[in-house]
$ cat protein32.txt   # compact mmCIF, C-alpha atoms
# COMPACT_ATOMS: atom_id res chain seq x y z
CA MET G 1 18.53 -11.38 10.91
CA ALA G 2 17.90 -12.66 7.37
CA ARG G 3 15.39 -15.20 8.71
CA ASP G 4 13.46 -12.56 10.64
CA ARG G 5 13.45 -10.28 7.61
CA PHE G 6 12.02 -13.11 5.52
CA VAL G 7 9.29 -13.96 8.04
CA LEU G 8 8.22 -10.34 8.46
CA ALA G 9 8.21 -9.83 4.71
CA SER G 10 6.00 -12.92 4.43
CA VAL G 11 3.51 -11.34 6.83
CA VAL G 12 3.43 -8.12 4.80
CA PHE G 13 2.95 -10.26 1.68
CA ALA G 14 -0.01 -12.11 3.20
CA VAL G 15 -1.79 -8.90 4.24
CA MET G 16 -1.27 -7.25 0.85
CA PHE G 17 -2.18 -10.43 -1.02
CA SER G 18 -5.46 -10.68 0.90
CA GLN G 19 -6.28 -7.06 0.05
CA LEU G 20 -5.56 -7.39 -3.67
CA LEU G 21 -7.65 -10.54 -4.02
CA LEU G 22 -10.74 -8.31 -4.10
CA TYR G 23 -9.67 -5.79 -6.73
CA PRO G 24 -9.93 -7.45 -10.18
CA GLY G 25 -13.54 -8.52 -9.58
CA VAL G 26 -14.61 -5.60 -7.41
CA SER G 27 -17.57 -4.67 -9.62
CA THR G 28 -18.83 -8.28 -9.51
CA LEU G 29 -18.19 -8.46 -5.76
CA VAL G 30 -20.19 -5.34 -4.86
CA GLU G 31 -23.07 -6.63 -6.97
CA ALA G 32 -23.01 -9.89 -4.97
CA LEU G 33 -22.93 -7.85 -1.76
CA GLY G 34 -26.14 -6.06 -2.70
CA ALA G 35 -25.08 -2.91 -4.55
CA ASP G 36 -28.34 -1.78 -6.18
CA ALA G 37 -28.89 1.63 -7.76
CA ALA G 38 -32.55 1.52 -6.79
CA GLU G 39 -31.80 1.07 -3.09
CA SER G 40 -28.52 2.87 -2.38
CA ALA G 41 -27.18 6.30 -3.26
CA PHE G 42 -23.69 4.77 -3.09
CA ALA G 43 -24.45 2.37 -5.94
CA THR G 44 -25.74 4.62 -8.71
CA THR G 45 -23.41 2.91 -11.19
CA PRO G 46 -21.03 -0.08 -10.93
CA LEU G 47 -18.15 2.43 -10.90
CA ASP G 48 -19.71 4.35 -7.97
CA ALA G 49 -20.39 1.20 -5.96
CA SER G 50 -16.87 -0.12 -6.56
CA MET G 51 -15.34 3.24 -5.70
CA TRP G 52 -17.19 3.57 -2.38
CA PHE G 53 -16.40 -0.03 -1.44
CA LEU G 54 -12.69 0.69 -1.86
CA VAL G 55 -12.93 4.16 -0.31
CA ALA G 56 -14.56 2.76 2.85
CA GLU G 57 -11.53 0.60 3.58
CA PHE G 58 -8.97 3.30 2.99
CA ALA G 59 -10.92 5.91 4.95
CA ALA G 60 -10.62 3.49 7.88
CA TYR G 61 -6.90 3.13 7.17
CA VAL G 62 -6.46 6.90 7.44
CA ALA G 63 -8.49 7.13 10.63
CA PHE G 64 -6.93 4.22 12.52
CA VAL G 65 -3.35 3.61 11.33
CA GLY G 66 -2.07 6.36 13.63
CA VAL G 67 -3.90 4.81 16.58
CA TRP G 68 -2.10 1.51 16.05
CA GLY G 69 1.26 3.25 15.62
CA VAL G 70 0.97 5.39 18.74
CA ALA G 71 -0.29 2.45 20.82
CA SER G 72 2.69 0.34 19.74
CA ASP G 73 5.26 3.07 20.46
CA VAL G 74 3.72 3.87 23.84
CA ALA G 75 3.58 0.21 24.90
CA GLY G 76 7.02 -0.62 23.48
CA ARG G 77 5.56 -3.72 21.81
CA ARG G 78 4.54 -4.65 18.26
CA THR G 79 3.57 -8.33 18.23
CA PRO G 80 0.42 -8.29 20.43
CA PHE G 81 -1.06 -5.46 18.39
CA ILE G 82 -0.33 -7.21 15.09
CA VAL G 83 -1.94 -10.46 16.28
CA ALA G 84 -5.05 -8.62 17.52
CA SER G 85 -5.28 -6.59 14.32
CA ALA G 86 -4.92 -9.61 12.04
CA LEU G 87 -7.52 -11.72 13.84
CA ALA G 88 -10.01 -8.84 14.01
CA GLY G 89 -9.43 -8.16 10.30
CA ALA G 90 -10.14 -11.82 9.55
CA VAL G 91 -13.47 -11.49 11.37
CA GLY G 92 -14.23 -8.41 9.26
CA TYR G 93 -13.61 -10.23 5.96
CA ALA G 94 -15.67 -13.20 7.15
CA ALA G 95 -18.57 -10.90 8.12
CA LEU G 96 -18.57 -9.42 4.63
CA ALA G 97 -18.58 -12.91 3.10
CA VAL G 98 -21.68 -13.99 5.04
CA ALA G 99 -23.52 -10.66 4.76
CA PRO G 100 -25.50 -11.61 1.59
CA SER G 101 -26.90 -14.71 3.31
CA ILE G 102 -28.19 -12.88 6.39
CA GLY G 103 -31.94 -12.45 6.04
CA GLY G 104 -31.73 -12.34 2.27
CA GLY G 105 -28.95 -9.76 2.33
CA VAL G 106 -28.14 -6.49 4.08
CA ALA G 107 -28.26 -2.91 2.85
CA PHE G 108 -25.24 -1.74 0.89
CA GLU G 109 -24.68 0.97 3.51
CA THR G 110 -24.26 -1.81 6.10
CA VAL G 111 -21.76 -3.52 3.81
CA LEU G 112 -19.77 -0.29 3.64
CA LEU G 113 -19.83 -0.03 7.45
CA LEU G 114 -18.48 -3.59 7.74
CA ARG G 115 -15.82 -2.63 5.23
CA VAL G 116 -14.81 0.30 7.46
CA VAL G 117 -14.45 -1.99 10.48
CA GLN G 118 -12.44 -4.53 8.49
CA GLY G 119 -10.12 -1.81 7.20
CA ALA G 120 -9.63 -0.27 10.66
CA MET G 121 -8.45 -3.63 11.96
CA THR G 122 -6.36 -4.80 8.99
CA ILE G 123 -4.21 -1.67 8.74
CA GLY G 124 -2.67 -2.36 12.14
CA ALA G 125 -1.16 -5.66 11.00
CA PHE G 126 0.17 -4.09 7.81
CA SER G 127 1.71 -0.94 9.28
CA LEU G 128 3.16 -2.48 12.44
CA THR G 129 4.75 -5.38 10.57
CA MET G 130 6.51 -2.83 8.38
CA THR G 131 7.56 -1.09 11.60
CA MET G 132 9.08 -4.38 12.83
CA LEU G 133 11.13 -4.40 9.63
CA MET G 134 12.23 -0.85 10.48
CA ASP G 135 13.39 -2.14 13.88
CA LEU G 136 15.79 -4.62 12.23
CA GLU G 137 19.44 -3.82 11.63
CA GLY G 138 21.24 -4.56 8.36
CA GLY G 139 20.55 -1.53 6.18
CA HIS G 140 17.34 0.45 5.97
CA GLY G 141 17.19 0.16 2.20
CA LYS G 142 17.42 -3.63 2.36
CA ASN G 143 14.80 -3.87 5.10
CA MET G 144 12.40 -1.61 3.25
CA GLY G 145 13.27 -3.41 0.03
CA ALA G 146 12.09 -6.60 1.71
CA ALA G 147 8.86 -4.81 2.64
CA GLY G 148 8.55 -3.54 -0.91
CA ILE G 149 9.07 -6.91 -2.54
CA ALA G 150 6.45 -8.36 -0.19
CA ILE G 151 3.99 -5.60 -1.10
CA GLY G 152 4.69 -5.99 -4.78
CA LEU G 153 4.49 -9.79 -4.79
CA GLY G 154 1.30 -9.67 -2.75
CA ALA G 155 -0.22 -7.37 -5.32
CA ALA G 156 1.27 -9.22 -8.30
CA LEU G 157 -0.11 -12.57 -7.18
CA GLY G 158 -3.21 -11.32 -5.39
CA ALA G 159 -4.62 -9.59 -8.46
CA PRO G 160 -4.56 -12.55 -10.89
CA ILE G 161 -5.50 -15.13 -8.25
CA GLY G 162 -8.30 -12.89 -7.04
CA GLY G 163 -9.55 -12.62 -10.60
CA GLN G 164 -9.60 -16.39 -10.94
CA LEU G 165 -11.35 -16.83 -7.57
CA THR G 166 -14.00 -14.34 -8.65
CA THR G 167 -14.82 -16.46 -11.68
CA VAL G 168 -15.54 -19.35 -9.28
CA ASP G 169 -17.56 -17.32 -6.76
CA PRO G 170 -17.65 -13.53 -6.28
CA LEU G 171 -17.41 -14.01 -2.50
CA ALA G 172 -14.45 -16.44 -2.61
CA PRO G 173 -11.80 -13.67 -2.32
CA LEU G 174 -13.36 -12.58 0.99
CA VAL G 175 -13.14 -16.10 2.42
CA ALA G 176 -9.53 -16.48 1.28
CA ALA G 177 -8.61 -13.10 2.79
CA ALA G 178 -10.08 -14.08 6.16
CA ALA G 179 -8.10 -17.33 6.20
CA LEU G 180 -4.86 -15.56 5.34
CA LEU G 181 -5.19 -13.05 8.17
CA VAL G 182 -5.67 -15.88 10.66
CA CYS G 183 -2.33 -17.28 9.43
CA VAL G 184 -0.72 -13.85 9.86
CA GLY G 185 -1.62 -13.85 13.54
CA GLY G 186 0.43 -17.00 14.07
CA LEU G 187 3.32 -16.25 11.72
CA VAL G 188 4.32 -12.91 13.26
CA SER G 189 4.80 -14.58 16.64
CA LEU G 190 7.87 -16.40 15.25
CA VAL G 191 9.91 -13.17 15.22
CA PRO G 192 11.37 -11.50 18.33
CA ASP G 193 9.77 -8.17 19.18
CA ARG G 194 12.59 -5.61 18.86
CA ALA G 195 10.54 -2.50 19.60
CA PRO G 196 12.38 -0.03 21.87
CA SER G 197 11.24 -0.98 25.36
CA ASP G 198 11.30 2.50 26.90
CA ARG G 199 7.71 3.40 27.71
CA ARG G 200 6.64 6.88 26.64
CA THR G 201 3.42 8.82 26.68
CA ALA G 202 1.43 9.32 23.53
CA ARG G 203 2.08 13.06 23.80
CA ALA G 204 5.85 12.49 23.87
CA VAL G 205 5.71 10.19 20.83
CA LEU G 206 3.67 12.66 18.79
CA SER G 207 5.85 15.58 19.86
CA GLY G 208 8.96 13.73 18.70
CA VAL G 209 7.53 13.21 15.24
CA ARG G 210 6.49 16.85 15.00
CA ARG G 211 10.12 17.82 15.66
CA THR G 212 11.12 16.00 12.45
CA PRO G 213 9.46 18.04 9.68
CA ALA G 214 11.70 16.42 7.06
CA LEU G 215 9.42 13.37 7.30
CA THR G 216 6.94 15.30 5.18
CA ILE G 217 9.18 14.64 2.16
CA PRO G 218 8.78 10.83 2.06
CA PHE G 219 5.18 11.25 3.23
CA ALA G 220 4.43 13.43 0.18
CA PHE G 221 6.02 10.96 -2.20
CA GLY G 222 4.23 8.08 -0.50
CA LEU G 223 0.92 9.89 -0.99
CA ILE G 224 1.40 10.41 -4.71
CA ASP G 225 2.85 6.94 -5.29
CA ARG G 226 -0.12 5.29 -3.55
CA LEU G 227 -2.47 7.60 -5.46
CA THR G 228 -1.20 6.04 -8.67
CA ALA G 229 -1.69 2.56 -7.19
CA GLY G 230 -5.28 3.39 -6.18
CA PHE G 231 -5.85 4.79 -9.64
CA PHE G 232 -4.73 1.56 -11.30
CA ALA G 233 -6.68 -0.57 -8.80
CA LEU G 234 -10.00 1.07 -9.68
CA VAL G 235 -9.81 3.17 -12.84
CA GLY G 236 -7.11 1.06 -14.45
CA THR G 237 -9.11 -2.10 -13.86
CA LEU G 238 -12.28 -0.65 -15.39
CA TYR G 239 -10.29 1.02 -18.19
CA PHE G 240 -8.78 -2.29 -19.30
CA GLN G 241 -12.17 -4.00 -19.16
CA ASP G 242 -14.06 -1.20 -20.98
CA THR G 243 -11.40 -0.44 -23.59
CA PHE G 244 -10.15 -3.94 -24.40
CA GLY G 245 -13.17 -6.02 -23.31
CA LEU G 246 -11.20 -8.07 -20.78
CA ASP G 247 -12.74 -10.35 -18.15
CA PRO G 248 -11.65 -10.19 -14.46
CA GLY G 249 -9.15 -13.02 -14.86
CA THR G 250 -7.36 -11.41 -17.80
CA THR G 251 -7.52 -8.01 -16.10
CA GLY G 252 -5.71 -9.51 -13.12
CA LEU G 253 -2.98 -10.81 -15.41
CA LEU G 254 -2.56 -7.37 -16.98
CA LEU G 255 -2.29 -5.76 -13.54
CA ALA G 256 0.35 -8.39 -12.72
CA CYS G 257 2.47 -7.02 -15.58
CA PHE G 258 3.01 -4.01 -13.32
CA PHE G 259 3.19 -5.73 -9.97
CA ALA G 260 5.61 -8.54 -10.95
CA PRO G 261 8.61 -6.34 -11.85
CA PHE G 262 7.55 -3.90 -9.13
CA ALA G 263 7.88 -6.72 -6.61
CA LEU G 264 10.93 -8.56 -7.88
CA LEU G 265 13.13 -5.46 -8.14
CA GLN G 266 12.29 -3.93 -4.74
CA TYR G 267 15.06 -5.59 -2.77
CA PRO G 268 17.94 -4.86 -5.20
CA MET G 269 16.67 -1.30 -5.67
CA GLY G 270 16.51 -0.81 -1.90
CA ALA G 271 20.05 -2.15 -1.53
CA LEU G 272 21.15 0.21 -4.32
CA SER G 273 19.76 3.18 -2.41
CA ASP G 274 21.86 2.15 0.62
CA ARG G 275 24.89 2.75 -1.58
CA ILE G 276 23.99 5.79 -3.70
CA GLY G 277 21.51 7.57 -1.43
CA ARG G 278 17.77 8.10 -1.60
CA VAL G 279 17.55 11.22 -3.78
CA PRO G 280 18.43 9.88 -7.27
CA PRO G 281 16.04 6.90 -7.15
CA ILE G 282 13.19 8.98 -5.73
CA VAL G 283 13.44 12.09 -7.91
CA VAL G 284 14.55 10.60 -11.23
CA GLY G 285 12.41 7.51 -10.75
CA SER G 286 9.28 9.53 -10.00
CA ILE G 287 9.64 11.69 -13.10
CA CYS G 288 10.06 8.65 -15.36
CA TYR G 289 7.26 6.85 -13.50
CA GLY G 290 4.85 9.69 -14.25
CA PHE G 291 5.61 9.57 -17.96
CA GLY G 292 5.17 5.80 -17.86
CA ILE G 293 1.65 6.15 -16.44
CA VAL G 294 0.70 8.47 -19.28
CA GLY G 295 2.10 5.86 -21.66
CA VAL G 296 -0.20 3.16 -20.29
CA GLY G 297 -3.24 5.31 -21.06
CA ALA G 298 -1.96 5.94 -24.59
CA ALA G 299 -1.29 2.26 -25.39
CA PRO G 300 -3.46 1.22 -28.36
CA THR G 301 -3.53 -2.55 -27.79
CA VAL G 302 -3.47 -5.06 -24.94
CA ALA G 303 0.09 -6.07 -25.84
CA THR G 304 1.44 -2.51 -25.77
CA ALA G 305 -0.49 -1.81 -22.57
CA ALA G 306 1.16 -4.87 -20.99
CA ILE G 307 4.62 -3.65 -22.05
CA ALA G 308 3.88 -0.19 -20.66
CA MET G 309 2.73 -1.74 -17.39
CA VAL G 310 6.02 -3.66 -17.12
CA VAL G 311 8.00 -0.44 -17.62
CA VAL G 312 5.92 1.36 -15.01
CA GLY G 313 6.50 -1.55 -12.62
CA VAL G 314 10.28 -1.28 -12.99
CA LEU G 315 10.17 2.47 -12.35
CA GLY G 316 7.90 2.03 -9.36
CA ALA G 317 10.40 -0.44 -7.89
CA LEU G 318 13.07 2.23 -8.16
CA VAL G 319 11.06 4.73 -6.12
CA SER G 320 9.20 2.73 -3.48
CA PRO G 321 11.91 1.18 -1.23
CA SER G 322 13.97 4.37 -1.26
CA THR G 323 10.98 6.38 -0.07
CA MET G 324 10.20 3.96 2.76
CA ALA G 325 13.89 3.77 3.73
CA LEU G 326 13.99 7.57 3.98
CA VAL G 327 11.28 7.35 6.65
CA THR G 328 13.51 4.96 8.61
CA ASP G 329 16.54 7.21 8.10
CA LEU G 330 14.72 10.19 9.59
CA ALA G 331 12.62 8.66 12.40
CA ALA G 332 13.97 8.27 15.94
CA ASP G 333 14.10 4.70 17.27
CA GLY G 334 11.23 5.20 19.70
CA GLU G 335 9.02 6.89 17.13
CA ARG G 336 9.16 4.41 14.27
CA GLY G 337 5.64 3.10 14.84
CA ILE G 338 4.04 6.51 14.49
CA ALA G 339 6.45 7.51 11.70
CA MET G 340 5.49 4.48 9.62
CA ALA G 341 1.87 5.12 10.57
CA GLY G 342 2.26 8.64 9.20
CA PHE G 343 3.70 7.26 5.99
CA ASN G 344 0.80 4.84 5.71
CA VAL G 345 -1.70 7.63 6.47
CA ALA G 346 -0.23 9.55 3.56
CA GLY G 347 -0.35 6.41 1.46
CA SER G 348 -3.95 5.69 2.39
CA VAL G 349 -4.95 9.26 1.59
CA GLY G 350 -3.18 8.71 -1.72
CA PHE G 351 -5.17 5.55 -2.37
CA LEU G 352 -8.34 7.46 -1.57
CA GLY G 353 -7.25 10.17 -3.96
CA GLY G 354 -6.61 7.57 -6.62
CA PHE G 355 -10.13 6.20 -6.19
CA LEU G 356 -11.92 9.53 -5.85
CA VAL G 357 -9.89 11.76 -8.16
CA GLY G 358 -9.31 9.03 -10.71
CA GLY G 359 -12.91 7.88 -10.64
CA THR G 360 -14.28 11.42 -10.82
CA VAL G 361 -11.96 12.60 -13.61
CA ALA G 362 -12.48 9.40 -15.61
CA GLY G 363 -16.25 9.63 -15.21
CA THR G 364 -16.36 13.31 -16.15
CA TYR G 365 -13.62 13.75 -18.75
CA GLY G 366 -12.74 10.22 -19.84
CA TYR G 367 -9.89 7.81 -19.28
CA ASP G 368 -7.31 9.71 -21.37
CA VAL G 369 -7.54 12.82 -19.21
CA ALA G 370 -7.47 10.69 -16.04
CA PHE G 371 -4.19 8.99 -17.01
CA LEU G 372 -2.69 12.36 -17.96
CA ALA G 373 -3.73 13.93 -14.66
CA VAL G 374 -2.35 11.17 -12.46
CA GLY G 375 0.90 10.87 -14.40
CA GLY G 376 1.27 14.64 -14.26
CA LEU G 377 0.90 14.62 -10.46
CA GLU G 378 3.74 12.11 -10.14
CA ILE G 379 6.00 14.28 -12.27
CA ALA G 380 5.00 17.46 -10.43
CA ILE G 381 5.79 16.15 -6.93
CA ALA G 382 9.29 15.18 -8.03
CA VAL G 383 9.98 18.60 -9.55
CA VAL G 384 8.53 20.52 -6.61
CA ALA G 385 10.46 18.42 -4.06
CA VAL G 386 13.93 19.00 -5.57
CA PRO G 387 14.65 22.12 -3.44
CA ALA G 388 13.52 20.29 -0.30
CA PHE G 389 15.90 17.42 -1.06
CA LEU G 390 18.73 19.88 -1.61
CA ARG G 391 18.07 21.39 1.83
CA LEU G 392 17.84 18.00 3.50
CA SER G 393 21.19 17.26 5.10
CA ILE G 394 21.66 13.60 6.08
CA ASP G 395 24.94 12.05 7.14
CA ARG G 396 25.32 9.38 4.47
CA SER G 397 27.96 7.45 6.32
CA ALA G 398 25.64 7.05 9.31
CA ARG G 399 22.33 6.63 7.55
CA PHE G 400 22.84 5.32 4.03
CA SER G 401 25.78 2.93 4.29
CA LEU G 402 25.40 -0.74 5.12
CA GLU G 403 26.32 -1.76 8.64
CA ASP G 404 29.47 -3.87 8.84
CA GLY G 405 28.85 -7.59 8.82
CA GLU G 406 25.07 -7.40 8.23
CA LEU G 407 23.32 -9.22 5.40
$ encode --input "protein32.txt" --output "structure tokens"
Amino acid sequence: MARDRFVLASVVFAVMFSQLLLYPGVSTLVEALGADAAESAFATTPLDASMWFLVAEFAAYVAFVGVWGVASDVAGRRTPFIVASALAGAVGYAALAVAPSIGGGVAFETVLLLRVVQGAMTIGAFSLTMTMLMDLEGGHGKNMGAAGIAIGLGAALGAPIGGQLTTVDPLAPLVAAAALLVCVGGLVSLVPDRAPSDRRTARAVLSGVRRTPALTIPFAFGLIDRLTAGFFALVGTLYFQDTFGLDPGTTGLLLACFFAPFALLQYPMGALSDRIGRVPPIVVGSICYGFGIVGVGAAPTVATAAIAMVVVGVLGALVSPSTMALVTDLAADGERGIAMAGFNVAGSVGFLGGFLVGGTVAGTYGYDVAFLAVGGLEIAIAVVAVPAFLRLSIDRSARFSLEDGEL
């Protein structure tokens, strides 16, 4: 069981790592891909072009993650869909990498369309591998902690390495991402497919999820948590560069100050939630996390910003695995694919919100107001959700405790 958990976490890591490679140098990348204010309404400014490049991927995530989840639950299989998704995503990244060399370059609108296709394919590998972790025994908090540490490490390492690759060639992160997804297609085949084998119709799967309205609680927290991540990926990156004059490589290192503790503490925090329940880490952690985000925007120097990012990373690690484990606690065995898809839909909408809301507020009112708004949303969701948590009755002995003999 521990081996399978490690392999699946490695797959999640590879997908997240490939995604984050693009972020620190996104403004340089879109310029290399042909973003030109004179030729595209989506490239009026570097911020606009970067925002739409990121939005295109996550719009595809929202549109297609549910398709992958339902297909997997209906078929009673995960592995074939993950392999197909990973290989198709690799083709998408490769197409973006060669786009500038095709006939002297393609229109930026075409680049955004390729980005949509790449995102629609990649999300299947990400979401369904997390679902395979849900299918494992051994404690939902530990399994989702493994997913969380993989996500966090992928982001922590992807950001600085992506920044360094960008300094070599703006298109290098795309090539590296394509190669990684090819590896994912082979790696996931090493793990037995434990999806419930009972075949069901898509209507039955969707109806089952609709009969579990309590899933909206972790979905809501997932949305806001990913909104903050999208905010840091776009607005945070540009804020650090504009305010402190950092290059992409140094920006990646500063982002890693968040993602390193966020990654390394996921597994122990997830195991902790198996023992004490999901509510304290989610509610208390979210409130503190929101204040931490505001603190990053108020930091006067690079050093204090780095310290604030570390604190925010620790608090994020407290919230994330507990939220994902709550999805597993609530979802029926045969509906885990669509339940995790729903969580990732909420997360992708959150990322979109982080890009759009963060970018719009920062562009209109400045970075200070943007940090205050996003931190305030994190605090608000925790306060508003307290009554819902009090009404949520879950048998802790059946759902939160570790199973005997499992590691």
$ atom_distance --input "protein32.txt" --atom1 "CA of Val70 (chain G)" --atom2 "CA of Phe219 (chain G)"
17.1 Å
$ closest_residue --input "protein32.txt" --among "G:Ala382, G:Ile123, G:Val65, G:Met132" --to "Arg336 (chain G)" --atoms "all atoms listed in the file"
G:Met132
$ residues_around --input "protein32.txt" --residues "region 354-360 of chain G" --least-positions-apart "3" --cutoff "7 Å" --atoms "only C-alpha atoms" --output "ChimeraX atom specification"
/G:51,55,227-228,230-231,234-235,350-351,363-364,370
$ closest_residue --input "protein32.txt" --among "G:Val116, G:Ala306, G:Leu326, G:Val314" --to "Gly277 (chain G)" --atoms "only C-alpha atoms"
G:Leu326
$ atom_distance --input "protein32.txt" --atom1 "CA of Val284 (chain G)" --atom2 "CA of Leu315 (chain G)"
9.3 Å
$ atom_distance --input "protein32.txt" --atom1 "CA of Ala172 (chain G)" --atom2 "CA of Ala150 (chain G)"
22.5 Å
$ closest_atom_pairs --input "protein32.txt" --of "region 126-217 of chain G" --to "region 9-14 of chain G" --cutoff "10 Å" --atoms "all atoms listed in the file" --output "Markdown table"
| residue | atom | partner | partner_atom | distance |
| --- | --- | --- | --- | --- |
| G:Phe126 | CA | G:Val12 | CA | 6.0 |
| G:Ser127 | CA | G:Val12 | CA | 8.6 |
| G:Leu128 | CA | G:Val12 | CA | 9.5 |
| G:Thr129 | CA | G:Val12 | CA | 6.5 |
| G:Met130 | CA | G:Val12 | CA | 7.1 |
| G:Met132 | CA | G:Ala9 | CA | 9.8 |
| G:Leu133 | CA | G:Ala9 | CA | 7.9 |
| G:Asn143 | CA | G:Ala9 | CA | 8.9 |
| G:Met144 | CA | G:Ala9 | CA | 9.3 |
| G:Gly145 | CA | G:Ala9 | CA | 9.4 |
| G:Ala146 | CA | G:Ala9 | CA | 5.9 |
| G:Ala147 | CA | G:Ala9 | CA | 5.5 |
| G:Gly148 | CA | G:Ala9 | CA | 8.4 |
| G:Ile149 | CA | G:Ala9 | CA | 7.9 |
| G:Ala150 | CA | G:Phe13 | CA | 4.4 |
| G:Ile151 | CA | G:Phe13 | CA | 5.5 |
| G:Gly152 | CA | G:Phe13 | CA | 7.9 |
| G:Leu153 | CA | G:Phe13 | CA | 6.7 |
| G:Gly154 | CA | G:Phe13 | CA | 4.8 |
| G:Ala155 | CA | G:Phe13 | CA | 8.2 |
| G:Leu157 | CA | G:Phe13 | CA | 9.7 |
| G:Gly158 | CA | G:Ala14 | CA | 9.2 |
| G:Ala177 | CA | G:Ala14 | CA | 8.7 |
| G:Leu180 | CA | G:Ala14 | CA | 6.3 |
| G:Leu181 | CA | G:Ala14 | CA | 7.2 |
| G:Cys183 | CA | G:Ala14 | CA | 8.4 |
| G:Val184 | CA | G:Val11 | CA | 5.8 |
| G:Gly185 | CA | G:Val11 | CA | 8.8 |
| G:Gly186 | CA | G:Val11 | CA | 9.7 |
| G:Leu187 | CA | G:Val11 | CA | 6.9 |
| G:Val188 | CA | G:Val11 | CA | 6.7 |
$ closest_residue --input "protein32.txt" --among "G:Thr131, G:Asn344, G:Thr237, G:Thr250" --to "Gly222 (chain G)" --atoms "all atoms listed in the file"
G:Asn344
$ closest_residue --input "protein32.txt" --among "G:Val279, G:Ala179, G:Leu272, G:Ala195" --to "Val386 (chain G)" --atoms "all atoms listed in the file"
G:Val279
$ closest_residue --input "protein32.txt" --among "G:Gly119, G:Gly376, G:Gly163, G:Gly249" --to "Leu21 (chain G)" --atoms "all atoms listed in the file"
G:Gly163
$ closest_residue --input "protein32.txt" --among "G:Ala380, G:Leu47, G:Val345, G:Ala308" --to "Tyr239 (chain G)" --atoms "only C-alpha atoms"
G:Leu47
$ residues_around --input "protein32.txt" --residues "Ser27 (chain G)" --least-positions-apart "6" --cutoff "12 Å" --atoms "only C-alpha atoms" --output "list of chain:residue names"
G:Leu33, G:Gly34, G:Ala35, G:Asp36, G:Ala43, G:Thr45, G:Pro46, G:Leu47, G:Asp48, G:Ala49, G:Ser50, G:Met51, G:Trp52, G:Phe53, G:Leu54, G:Gly163, G:Thr166, G:Pro170, G:Leu171, G:Ala233, G:Leu234, G:Val235, G:Thr237, G:Leu238, G:Gln241, G:Asp247, G:Pro248
$ residues_around --input "protein32.txt" --residues "Ala32 (chain G)" --least-positions-apart "6" --cutoff "10 Å" --atoms "only C-alpha atoms" --output "MDAnalysis selection string"
chainID G and resid 26 97 99:100 105 169:171
$ residues_around --input "protein32.txt" --residues "Gly162 (chain G)" --least-positions-apart "5" --cutoff "8 Å" --atoms "all atoms listed in the file" --output "PDB file with C-alpha atoms, in the frame of the given file"
ATOM      1  CA  LEU G  20      -5.560  -7.390  -3.670  1.00  0.00           C
ATOM      2  CA  LEU G  21      -7.650 -10.540  -4.020  1.00  0.00           C
ATOM      3  CA  LEU G  22     -10.740  -8.310  -4.100  1.00  0.00           C
ATOM      4  CA  TYR G  23      -9.670  -5.790  -6.730  1.00  0.00           C
ATOM      5  CA  PRO G  24      -9.930  -7.450 -10.180  1.00  0.00           C
ATOM      6  CA  GLY G  25     -13.540  -8.520  -9.580  1.00  0.00           C
ATOM      7  CA  PRO G 173     -11.800 -13.670  -2.320  1.00  0.00           C
ATOM      8  CA  GLY G 249      -9.150 -13.020 -14.860  1.00  0.00           C
ATOM      9  CA  GLY G 252      -5.710  -9.510 -13.120  1.00  0.00           C
TER      10      GLY G 252
END
$ residues_around --input "protein32.txt" --residues "Arg278 (chain G)" --least-positions-apart "5" --cutoff "8 Å" --atoms "all atoms listed in the file" --output "list in words"
Ser273, Ser322, Thr323, Ala325 and Leu326 of chain G
